[in-house]
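Trainee: Attaching a single structure in structure tokens format; questions to follow.
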Amino acid sequence: MQPGNQNRKAIKPQEKKILSEVMFKYLPYWPVFVILIAMCTAGAWFYLRTAPRIYESSASIMIKDESKGTYDPQINKDIDQLTGTKLIENEVEVLQSKTLMNEVVKNLHVYASFYEDGEMAPKPAYNSSPVSIEASNPDALKKVKKVEFSFSDTDSMVTIGSNKYPLNQFVTTDYGVLKFTANKNFTTKAENQLYFSLKSTRGASDAFSPMLKVIGTKVSTVISMTFRDEVPERSEEILNELITVYNKVSVADKNKLADSTIAFLDKRLEFVKAELQDIESKSQTYQSTQGAVNIGEQGALYLKSTGEVDQKLGEINEQLAVLDDVEKSLQSKESGASIAPSTLGLKDPLLTDLLNKLTEKELSYEKLKKTTGENNPVLTSIKSEINKLKPSVLENLRNQRSNLEASKLNLHSANNTYSSMLQSIPKKEKDLIEIKRQQTIKSNIYAFLLERREASALAMMSNTDESRVIDRAHSLPEPVTPKPGMIYMVAFILAIALPAGFIAGKGMLNRKIAFRQEIEDLTSFPIIGEVMLDKSKDPLVIQEGKRTFIAEQFRRIRTSLAYLGVNHAGKKRVLVTSSLSGEGKSFVALNLSLSLAMTGKKVILVELDLANPSLSSKLDVNYEQGVSNYLWGECEPEEVIKRTTANNNLFFLPAGQLPDNPSELLMNERLPELLNYLEEIFDYVIIDSAPATLLSDAYVLSPMCHATLYVVKHKFTPKVYIERLEQENSVNQLMNVGIIFNGIQSRGFTKNGYGYGYGYGYIHDNSGKKIRKSGKPAK
């Protein structure tokens, strides 16, 4: 046989054992489980009828991200300076902001919710209400839970209480200045009473914000959004409006940047235009008064050369002016400014890129600052990035200015060379050339600024939405919560877990022996029999011609004595003891003796519990002399041995007079002689002893016997005594111990089985009819 098959065969019995233990432990309480399953199922049904059904809508957009997108910053630099780029992480926070949700609530007027009374719970009337509500000042609305109203189709009037209000005009109500309009989502007529509730814009956005989830990934520029609501149509409208508001805010930010750039260029154009007009006027005046019209060849060459140099000087001066304006802007930002001037004209792409990043970070910071706390991790991170970028920008500005100043000195040196050439030109021609030179410089600067302004205006006209809608909002046809299958499953698990947990917890807290398995876990001594609780209070449960379940149990114990080596041929002495008084050791000794006597064997029951004897009362006899008298030497065994009326083969040796020192009396040398004498006459000698944990009698008698039956009573014997039994037995030994599990009661709602032991056997009444007493049918 293969090892795998052996392992599987070894596992199956273990699985069956665990299953049987679970069934054995909980099955007696099956009515409780059935009732709780029914109650929890009814509760789940009621919950599903009353709980609001929540639907989920989803949408997705794609935006430009400087770290993840495929955008090329070198394409159309002028336009890019206005549009900028965005970080996915920042845009996720912006989309989840309360500011945007406030705008959505105002635009859709969802601060007013409509409901219709239902059989068990109200239901949304988003599509069944004939009117909707618009507030004149949504921010000032007070919370109103329920306002019943009706609508008349004949006169188009809304009735609230005794007041009537027309449609499409603001009216003063008890709940604020409101305007009732026809509901554009009206599809079905309401069957029950309609009512509406009101919240302020802030209250509505606080209620809606937790229903919104915005997720951005680390590998793409796509943002996914989901929104959960009782009304799928409303959730779709909220998502679509959120995208619209987000795009409007983004375009507004870009337009603000474009306006700042164009304003800067217009200011420069006006200044250069005035200078150009002044130079043109000066040129006309000089030519008309001095008569200087033509310029010679040398003058033309000089004018051309100086014009090129002056154009470069003009560009440098313009760049220096831009740098000054940028530096002033950076300094003013520390006082609260939010938009940087344009960097048009600057040729260093690094500075342009740094300024674009700085502007983008500051815009993101201002957005988040309105919706989050100062200690928000994202806000703190952006602020840290801004503080790192500013020194880099200022350092770059200083380097740019230093380089431009050096270039300016070189160009001035070239101008000085051309000025020396000018000395050889006649004075009128020289003056005219100087005027033409200034005119050319200003004309070039004006043309450059005009070109830049047109580029900025074109960029402003191209300010469209930077996000592209991939999927507009759409709802799932089925509600995402509550899910009937899951609710019923939770109800079923709860119905099983509650009673099972109670039963298990009760068992863990119980310090008394309740299960056979507990005895087996606490000691290695074998359990040779179980005896169920007898409610008849009759000490003799075995009778001739009557077979009961408890009688069968004693017959099994009688058979199990062979396991301990007890037989009528040689080993005849059996000691019966227990941990405490009241565990039924005398009851077990009496009925075991009677069971053995019914087999035709001569049995003597010896009452050696000299501290608290009870066998005489159970047999309903009263003898003045007994074992104690024999041990004192007052009589012989023949004088105190009595035949019982229960069975002719059952004899009884009573305790006699109670001694003051029973333990010392049992150590009398006459006791072994008595036991030897009894062993010669009788087939079995059953000895009833005092409890082992209270007195030492059992430890004195056990070495003289061939087996010891230790009685443990269900729900009576403390676990600690059984746990201590084996430990103490290593010092004071009880010979050949077998355990009797006595007084087993039925568990839970079981009536035909006791449920704490193994549950076997049948009852036979006087008619001989079998009655099933275990979990298996009679065969």
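Every chain in the structure tokens has a letter given in the order shown (A, B, ...), and although residue numbers restart at 1 in each chain, ligands are simply numbered from 1 in the order shown.
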Tell me, counting only C-alpha atoms, for each residue of segment 551-593 of chain A within 12 Å of segment 651-666 of chain A, which pair of atoms is nearest and how far apart they are in Å to one decimal, in rows ordered by chain and increasing number, as CSV.

Mentor:
```
residue,atom,partner,partner_atom,distance
A:Ala589,CA,A:Phe652,CA,11.5
A:Leu590,CA,A:Phe652,CA,9.7
A:Ser593,CA,A:Phe651,CA,9.1
```

Trainee: Give the strand (DSSP E) residues of segment 164-304 of chain A, as assigned by DSSP on the backbone, as JSON, numbers by chain.

Mentor: {"A": [164, 165, 166, 170, 171, 172, 173, 176, 177, 178, 179, 180, 181, 182, 194, 195, 196, 197, 198, 212, 213, 214, 215, 216, 222, 223, 224, 225, 226, 227, 228, 229]}

Trainee: Could you find all residues in segment 117-218 of chain A that DSSP calls helix (DSSP H, G or I) from the backbone, and write them as a ChimeraX atom specification?

Mentor: /A:138-140,201-211

Trainee: Just want the 7 Å neighbourhood of segment 361-371 of chain A, counted on only C-alpha atoms, with same-chain residues fewer than 5 positions away dropped. Output as a PDB file with all heavy atoms, in the first residue's frame.

Mentor:
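Result file follows (selection.pdb):
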```pdb
ATOM      1  N   ASN A  90      -2.635  64.562  -6.446  1.00  0.00           N
ATOM      2  CA  ASN A  90      -3.272  65.826  -6.087  1.00  0.00           C
ATOM      3  C   ASN A  90      -4.694  65.903  -6.613  1.00  0.00           C
ATOM      4  O   ASN A  90      -5.609  66.377  -5.927  1.00  0.00           O
ATOM      5  CB  ASN A  90      -2.458  66.995  -6.639  1.00  0.00           C
ATOM      6  CG  ASN A  90      -1.103  67.110  -5.971  1.00  0.00           C
ATOM      7  OD1 ASN A  90      -0.888  66.522  -4.919  1.00  0.00           O
ATOM      8  ND2 ASN A  90      -0.195  67.851  -6.576  1.00  0.00           N
ATOM      9  N   VAL A  94      -8.386  66.607  -4.885  1.00  0.00           N
ATOM     10  CA  VAL A  94      -9.262  67.698  -5.336  1.00  0.00           C
ATOM     11  C   VAL A  94     -10.657  67.163  -5.632  1.00  0.00           C
ATOM     12  O   VAL A  94     -11.671  67.755  -5.248  1.00  0.00           O
ATOM     13  CB  VAL A  94      -8.666  68.385  -6.579  1.00  0.00           C
ATOM     14  CG1 VAL A  94      -9.655  69.373  -7.176  1.00  0.00           C
ATOM     15  CG2 VAL A  94      -7.379  69.107  -6.215  1.00  0.00           C
ATOM     16  N   SER A  97     -12.714  66.634  -2.623  1.00  0.00           N
ATOM     17  CA  SER A  97     -12.812  67.780  -1.721  1.00  0.00           C
ATOM     18  C   SER A  97     -14.263  68.170  -1.477  1.00  0.00           C
ATOM     19  O   SER A  97     -15.148  67.974  -2.326  1.00  0.00           O
ATOM     20  CB  SER A  97     -12.045  68.971  -2.310  1.00  0.00           C
ATOM     21  OG  SER A  97     -12.657  69.403  -3.519  1.00  0.00           O
ATOM     22  N   LYS A  98     -14.499  68.739  -0.299  1.00  0.00           N
ATOM     23  CA  LYS A  98     -15.831  69.221   0.047  1.00  0.00           C
ATOM     24  C   LYS A  98     -16.215  70.435  -0.800  1.00  0.00           C
ATOM     25  O   LYS A  98     -17.403  70.672  -1.051  1.00  0.00           O
ATOM     26  CB  LYS A  98     -15.856  69.607   1.528  1.00  0.00           C
ATOM     27  CG  LYS A  98     -15.661  68.450   2.507  1.00  0.00           C
ATOM     28  CD  LYS A  98     -16.859  67.550   2.540  1.00  0.00           C
ATOM     29  CE  LYS A  98     -16.663  66.415   3.545  1.00  0.00           C
ATOM     30  NZ  LYS A  98     -16.539  66.890   4.935  1.00  0.00           N
ATOM     31  N   THR A  99     -15.216  71.193  -1.264  1.00  0.00           N
ATOM     32  CA  THR A  99     -15.513  72.374  -2.081  1.00  0.00           C
ATOM     33  C   THR A  99     -16.221  71.987  -3.368  1.00  0.00           C
ATOM     34  O   THR A  99     -17.238  72.587  -3.748  1.00  0.00           O
ATOM     35  CB  THR A  99     -14.207  73.131  -2.401  1.00  0.00           C
ATOM     36  OG1 THR A  99     -13.564  73.494  -1.188  1.00  0.00           O
ATOM     37  CG2 THR A  99     -14.500  74.379  -3.206  1.00  0.00           C
ATOM     38  N   SER A 338      -0.966  84.312  -5.880  1.00  0.00           N
ATOM     39  CA  SER A 338      -1.153  82.917  -6.279  1.00  0.00           C
ATOM     40  C   SER A 338      -0.796  82.653  -7.729  1.00  0.00           C
ATOM     41  O   SER A 338      -0.748  81.510  -8.131  1.00  0.00           O
ATOM     42  CB  SER A 338      -2.613  82.495  -6.045  1.00  0.00           C
ATOM     43  OG  SER A 338      -3.478  83.324  -6.786  1.00  0.00           O
ATOM     44  N   LEU A 379      -1.006  67.894   2.007  1.00  0.00           N
ATOM     45  CA  LEU A 379      -0.758  69.332   2.040  1.00  0.00           C
ATOM     46  C   LEU A 379       0.653  69.626   2.533  1.00  0.00           C
ATOM     47  O   LEU A 379       1.359  70.490   1.986  1.00  0.00           O
ATOM     48  CB  LEU A 379      -1.797  69.988   2.949  1.00  0.00           C
ATOM     49  CG  LEU A 379      -1.950  71.506   2.819  1.00  0.00           C
ATOM     50  CD1 LEU A 379      -2.516  71.857   1.462  1.00  0.00           C
ATOM     51  CD2 LEU A 379      -2.864  72.050   3.907  1.00  0.00           C
ATOM     52  N   ILE A 382       3.174  68.890  -0.290  1.00  0.00           N
ATOM     53  CA  ILE A 382       3.223  69.921  -1.338  1.00  0.00           C
ATOM     54  C   ILE A 382       3.953  71.162  -0.831  1.00  0.00           C
ATOM     55  O   ILE A 382       4.756  71.755  -1.561  1.00  0.00           O
ATOM     56  CB  ILE A 382       1.792  70.259  -1.794  1.00  0.00           C
ATOM     57  CG1 ILE A 382       1.134  69.040  -2.451  1.00  0.00           C
ATOM     58  CG2 ILE A 382       1.802  71.431  -2.774  1.00  0.00           C
ATOM     59  CD1 ILE A 382      -0.310  69.259  -2.841  1.00  0.00           C
ATOM     60  N   ILE A 386       7.253  72.979  -2.420  1.00  0.00           N
ATOM     61  CA  ILE A 386       7.325  74.409  -2.767  1.00  0.00           C
ATOM     62  C   ILE A 386       8.556  75.049  -2.130  1.00  0.00           C
ATOM     63  O   ILE A 386       9.287  75.816  -2.782  1.00  0.00           O
ATOM     64  CB  ILE A 386       6.032  75.115  -2.308  1.00  0.00           C
ATOM     65  CG1 ILE A 386       4.844  74.629  -3.138  1.00  0.00           C
ATOM     66  CG2 ILE A 386       6.179  76.628  -2.432  1.00  0.00           C
ATOM     67  CD1 ILE A 386       3.509  75.163  -2.660  1.00  0.00           C
TER      68      ILE A 386
END
```

Trainee: Residues at most 9 Å from Met211 of chain A, counting only C-alpha atoms, excluding those fewer than 5 positions away in the same chain, as a PyMOL selection string?

Mentor: chain A and resi 226-229

Trainee: Put those residues in a file: all heavy atoms, as a short mmCIF file (atom, residue, chain, number, x, y, z; two decimals), in the first residue's frame.

Mentor:
```cif
data_model
loop_
_atom_site.label_atom_id
_atom_site.label_comp_id
_atom_site.auth_asym_id
_atom_site.auth_seq_id
_atom_site.Cartn_x
_atom_site.Cartn_y
_atom_site.Cartn_z
N THR A 226 -16.45 56.18 -8.04
CA THR A 226 -17.70 55.47 -7.77
C THR A 226 -18.50 56.26 -6.75
O THR A 226 -17.94 56.94 -5.89
CB THR A 226 -17.44 54.05 -7.22
OG1 THR A 226 -16.70 54.13 -6.00
CG2 THR A 226 -16.69 53.21 -8.23
N PHE A 227 -19.82 56.15 -6.87
CA PHE A 227 -20.71 56.86 -5.94
C PHE A 227 -21.88 55.95 -5.64
O PHE A 227 -22.48 55.35 -6.53
CB PHE A 227 -21.21 58.17 -6.55
CG PHE A 227 -21.91 59.06 -5.57
CD1 PHE A 227 -21.19 59.94 -4.79
CD2 PHE A 227 -23.29 59.01 -5.42
CE1 PHE A 227 -21.83 60.75 -3.87
CE2 PHE A 227 -23.93 59.82 -4.50
CZ PHE A 227 -23.19 60.70 -3.72
N ARG A 228 -22.21 55.83 -4.35
CA ARG A 228 -23.30 54.97 -3.91
C ARG A 228 -24.45 55.81 -3.38
O ARG A 228 -24.22 56.75 -2.60
CB ARG A 228 -22.82 54.00 -2.83
CG ARG A 228 -21.83 52.97 -3.36
CD ARG A 228 -21.53 51.91 -2.32
NE ARG A 228 -20.70 50.84 -2.86
CZ ARG A 228 -20.41 49.72 -2.21
NH1 ARG A 228 -20.89 49.52 -1.00
NH2 ARG A 228 -19.65 48.79 -2.78
N ASP A 229 -25.65 55.45 -3.80
CA ASP A 229 -26.82 56.21 -3.40
C ASP A 229 -28.06 55.33 -3.51
O ASP A 229 -28.04 54.30 -4.20
CB ASP A 229 -26.96 57.46 -4.27
CG ASP A 229 -27.98 58.43 -3.71
OD1 ASP A 229 -28.20 58.42 -2.49
OD2 ASP A 229 -28.58 59.20 -4.50
#
```

Trainee: Write out as a ChimeraX atom specification the residues lying within 10 Å of Glu544 of chain A, counting only C-alpha atoms and excluding same-chain residues fewer than 5 positions away.

Mentor: /A:595,598,646-647

Trainee: Those residues with all heavy atoms, as an mmCIF file, in the first residue's frame please?

Mentor:
```
data_model
loop_
_atom_site.group_PDB
_atom_site.id
_atom_site.type_symbol
_atom_site.label_atom_id
_atom_site.label_comp_id
_atom_site.auth_asym_id
_atom_site.auth_seq_id
_atom_site.Cartn_x
_atom_site.Cartn_y
_atom_site.Cartn_z
ATOM 1 N N SER A 595 -26.434 -7.481 40.256
ATOM 2 C CA SER A 595 -26.287 -7.946 38.875
ATOM 3 C C SER A 595 -25.442 -9.216 38.817
ATOM 4 O O SER A 595 -25.747 -10.148 38.064
ATOM 5 C CB SER A 595 -25.653 -6.841 38.022
ATOM 6 O OG SER A 595 -25.446 -7.285 36.703
ATOM 7 N N MET A 598 -27.436 -12.219 40.114
ATOM 8 C CA MET A 598 -28.462 -12.702 39.198
ATOM 9 C C MET A 598 -27.902 -13.680 38.169
ATOM 10 O O MET A 598 -28.657 -14.347 37.461
ATOM 11 C CB MET A 598 -29.134 -11.518 38.494
ATOM 12 C CG MET A 598 -29.988 -10.666 39.430
ATOM 13 S SD MET A 598 -30.653 -9.178 38.660
ATOM 14 C CE MET A 598 -31.700 -9.903 37.410
ATOM 15 N N ALA A 646 -33.310 -9.271 48.296
ATOM 16 C CA ALA A 646 -33.292 -8.879 46.885
ATOM 17 C C ALA A 646 -32.993 -10.069 45.993
ATOM 18 O O ALA A 646 -33.562 -10.206 44.909
ATOM 19 C CB ALA A 646 -32.257 -7.775 46.654
ATOM 20 N N ASN A 647 -32.097 -10.975 46.472
ATOM 21 C CA ASN A 647 -31.747 -12.149 45.675
ATOM 22 C C ASN A 647 -31.136 -13.162 46.633
ATOM 23 O O ASN A 647 -30.355 -12.816 47.522
ATOM 24 C CB ASN A 647 -30.758 -11.782 44.566
ATOM 25 C CG ASN A 647 -30.551 -12.909 43.588
ATOM 26 O OD1 ASN A 647 -29.831 -13.870 43.870
ATOM 27 N ND2 ASN A 647 -31.165 -12.778 42.403
#
```

Trainee: Here is a test: counting only C-alpha atoms, which residue of A:Lys408, A:Leu564, A:Leu592, A:Val711 is nearest to Met735 of chain A?

Mentor: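 Smallest separation from Met735 of chain A among the options: A:Leu564.
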
Trainee: Residues near segment 156-172 of chain A, anyone? I mean within 12 Å using only C-alpha atoms, not counting same-chain ones fewer than 2 positions away, as a compact mmCIF listing (two decimals) with N, CA and C atoms, in the first residue's frame.

Mentor:
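Output below, filename part_8.txt:
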```txt
# COMPACT_ATOMS: atom_id res chain seq x y z
N SER A 129 -41.76 62.07 -7.49
CA SER A 129 -42.21 63.38 -7.04
C SER A 129 -42.43 64.29 -8.25
N PRO A 130 -43.58 64.95 -8.36
CA PRO A 130 -43.83 65.80 -9.54
C PRO A 130 -43.06 67.12 -9.51
N VAL A 131 -42.51 67.49 -8.35
CA VAL A 131 -41.81 68.77 -8.24
C VAL A 131 -40.43 68.56 -7.64
N SER A 132 -39.57 69.53 -7.85
CA SER A 132 -38.27 69.60 -7.20
C SER A 132 -38.16 70.97 -6.55
N ILE A 133 -37.13 71.16 -5.72
CA ILE A 133 -37.01 72.38 -4.93
C ILE A 133 -35.66 73.03 -5.19
N GLU A 134 -35.70 74.37 -5.36
CA GLU A 134 -34.49 75.17 -5.46
C GLU A 134 -34.54 76.24 -4.38
N ALA A 135 -33.47 76.33 -3.58
CA ALA A 135 -33.43 77.30 -2.49
C ALA A 135 -32.74 78.57 -2.93
N SER A 136 -33.24 79.71 -2.45
CA SER A 136 -32.62 80.99 -2.79
C SER A 136 -31.25 81.10 -2.17
N ASN A 137 -31.09 80.62 -0.95
CA ASN A 137 -29.80 80.64 -0.26
C ASN A 137 -29.57 79.25 0.36
N LYS A 146 -38.89 66.11 7.83
CA LYS A 146 -40.05 65.63 7.08
C LYS A 146 -41.07 66.74 6.92
N VAL A 147 -41.39 67.05 5.66
CA VAL A 147 -42.42 68.04 5.33
C VAL A 147 -43.34 67.40 4.30
N GLU A 148 -44.54 67.08 4.71
CA GLU A 148 -45.49 66.46 3.79
C GLU A 148 -46.08 67.51 2.85
N PHE A 149 -46.30 67.11 1.59
CA PHE A 149 -46.85 68.04 0.61
C PHE A 149 -47.66 67.24 -0.41
N SER A 150 -48.41 67.99 -1.19
CA SER A 150 -49.17 67.40 -2.30
C SER A 150 -49.11 68.36 -3.48
N PHE A 151 -49.41 67.84 -4.67
CA PHE A 151 -49.33 68.65 -5.88
C PHE A 151 -50.61 68.44 -6.68
N SER A 152 -51.17 69.55 -7.14
CA SER A 152 -52.39 69.50 -7.93
C SER A 152 -52.05 69.74 -9.40
N ASP A 153 -52.43 68.79 -10.25
CA ASP A 153 -52.18 68.95 -11.68
C ASP A 153 -53.06 70.01 -12.31
N THR A 154 -54.22 70.24 -11.71
CA THR A 154 -55.18 71.16 -12.32
C THR A 154 -54.70 72.61 -12.26
N ASP A 174 -42.16 78.41 5.57
CA ASP A 174 -41.67 78.24 6.94
C ASP A 174 -40.27 77.65 6.97
N TYR A 175 -39.80 77.21 5.83
CA TYR A 175 -38.50 76.50 5.78
C TYR A 175 -37.47 77.28 4.97
N GLY A 176 -37.80 78.52 4.59
CA GLY A 176 -36.88 79.35 3.84
C GLY A 176 -37.51 79.81 2.54
N VAL A 177 -36.74 80.57 1.78
CA VAL A 177 -37.20 81.04 0.47
C VAL A 177 -36.91 79.95 -0.56
N LEU A 178 -37.99 79.36 -1.09
CA LEU A 178 -37.87 78.21 -1.97
C LEU A 178 -38.57 78.46 -3.30
N LYS A 179 -38.14 77.73 -4.30
CA LYS A 179 -38.82 77.76 -5.60
C LYS A 179 -39.14 76.33 -6.00
N PHE A 180 -40.42 76.06 -6.22
CA PHE A 180 -40.86 74.74 -6.66
C PHE A 180 -40.89 74.72 -8.19
N THR A 181 -40.24 73.73 -8.76
CA THR A 181 -40.19 73.57 -10.21
C THR A 181 -40.61 72.16 -10.59
N ALA A 182 -40.98 71.99 -11.85
CA ALA A 182 -41.35 70.66 -12.32
C ALA A 182 -40.13 69.74 -12.29
N ASN A 183 -40.32 68.54 -11.80
CA ASN A 183 -39.22 67.57 -11.68
C ASN A 183 -38.89 67.00 -13.06
N LEU A 194 -46.36 61.91 -0.18
CA LEU A 194 -45.03 62.41 -0.49
C LEU A 194 -44.57 63.38 0.60
N TYR A 195 -43.28 63.43 0.83
CA TYR A 195 -42.71 64.43 1.73
C TYR A 195 -41.27 64.70 1.32
N PHE A 196 -40.74 65.83 1.77
CA PHE A 196 -39.35 66.17 1.45
C PHE A 196 -38.61 66.54 2.73
```

Trainee: With only C-alpha atoms as the atoms that count, which of A:Ile550, A:Ala447, A:Met225, A:Val621 lies nearest to Ser57 of chain A?

Mentor: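 Using only C-alpha atoms, Ser57 of chain A sits closest to A:Met225.
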
Trainee: Which one of A:Asp534, A:Glu583, A:Glu116, A:Asp206 sits closest to Ile740 of chain A if you count only C-alpha atoms?

Mentor: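 Counting only C-alpha atoms, the residue closest to Ile740 of chain A is A:Glu583.
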
Trainee: If we count only C-alpha atoms, what is near Asn317 of chain A at a cut-off of 12 Å, once residues fewer than 6 positions away on the same chain are taken out, given as a VMD selection string?

Mentor: chain A and resid 310 to 311 323 to 324 345 to 346 401 404 to 405 407 to 409 411 441 to 442 445

Trainee: How about saving the chosen residues, N, CA and C atoms kept, as an mmCIF file, in the first residue's frame?

Mentor:
```cif
data_model
loop_
_atom_site.group_PDB
_atom_site.id
_atom_site.type_symbol
_atom_site.label_atom_id
_atom_site.label_comp_id
_atom_site.auth_asym_id
_atom_site.auth_seq_id
_atom_site.Cartn_x
_atom_site.Cartn_y
_atom_site.Cartn_z
ATOM 1 N N ASP A 310 21.869 96.485 -31.305
ATOM 2 C CA ASP A 310 20.834 97.073 -30.453
ATOM 3 C C ASP A 310 19.643 96.132 -30.280
ATOM 4 N N GLN A 311 19.339 95.348 -31.326
ATOM 5 C CA GLN A 311 18.244 94.375 -31.195
ATOM 6 C C GLN A 311 18.556 93.341 -30.118
ATOM 7 N N LEU A 323 12.930 88.969 -15.835
ATOM 8 C CA LEU A 323 13.520 88.387 -14.625
ATOM 9 C C LEU A 323 13.184 89.216 -13.397
ATOM 10 N N ASP A 324 13.227 90.559 -13.547
ATOM 11 C CA ASP A 324 12.862 91.424 -12.417
ATOM 12 C C ASP A 324 11.406 91.196 -12.007
ATOM 13 N N GLY A 345 9.836 85.083 -23.539
ATOM 14 C CA GLY A 345 11.052 85.815 -23.864
ATOM 15 C C GLY A 345 12.287 85.210 -23.256
ATOM 16 N N LEU A 346 12.135 84.470 -22.178
ATOM 17 C CA LEU A 346 13.284 83.815 -21.564
ATOM 18 C C LEU A 346 13.624 82.565 -22.355
ATOM 19 N N ARG A 401 20.517 86.359 -14.666
ATOM 20 C CA ARG A 401 20.814 87.796 -14.662
ATOM 21 C C ARG A 401 22.311 88.023 -14.853
ATOM 22 N N LEU A 404 23.141 87.433 -18.520
ATOM 23 C CA LEU A 404 22.625 88.502 -19.386
ATOM 24 C C LEU A 404 23.429 89.785 -19.222
ATOM 25 N N GLU A 405 23.829 90.095 -17.979
ATOM 26 C CA GLU A 405 24.650 91.301 -17.747
ATOM 27 C C GLU A 405 25.990 91.179 -18.468
ATOM 28 N N SER A 407 26.572 89.432 -21.201
ATOM 29 C CA SER A 407 26.295 89.614 -22.639
ATOM 30 C C SER A 407 26.042 91.076 -22.961
ATOM 31 N N LYS A 408 25.385 91.760 -22.047
ATOM 32 C CA LYS A 408 25.104 93.177 -22.270
ATOM 33 C C LYS A 408 26.398 94.000 -22.333
ATOM 34 N N LEU A 409 27.378 93.683 -21.486
ATOM 35 C CA LEU A 409 28.667 94.391 -21.517
ATOM 36 C C LEU A 409 29.383 94.162 -22.846
ATOM 37 N N LEU A 411 28.005 93.512 -25.721
ATOM 38 C CA LEU A 411 27.312 94.249 -26.781
ATOM 39 C C LEU A 411 27.604 95.744 -26.692
ATOM 40 N N ILE A 441 15.343 99.712 -32.856
ATOM 41 C CA ILE A 441 15.362 98.942 -31.599
ATOM 42 C C ILE A 441 13.949 98.824 -31.038
ATOM 43 N N LYS A 442 13.270 99.960 -30.924
ATOM 44 C CA LYS A 442 11.935 99.940 -30.328
ATOM 45 C C LYS A 442 10.943 99.178 -31.200
ATOM 46 N N ILE A 445 11.466 95.502 -30.556
ATOM 47 C CA ILE A 445 10.916 95.106 -29.238
ATOM 48 C C ILE A 445 9.400 95.046 -29.303
#
```
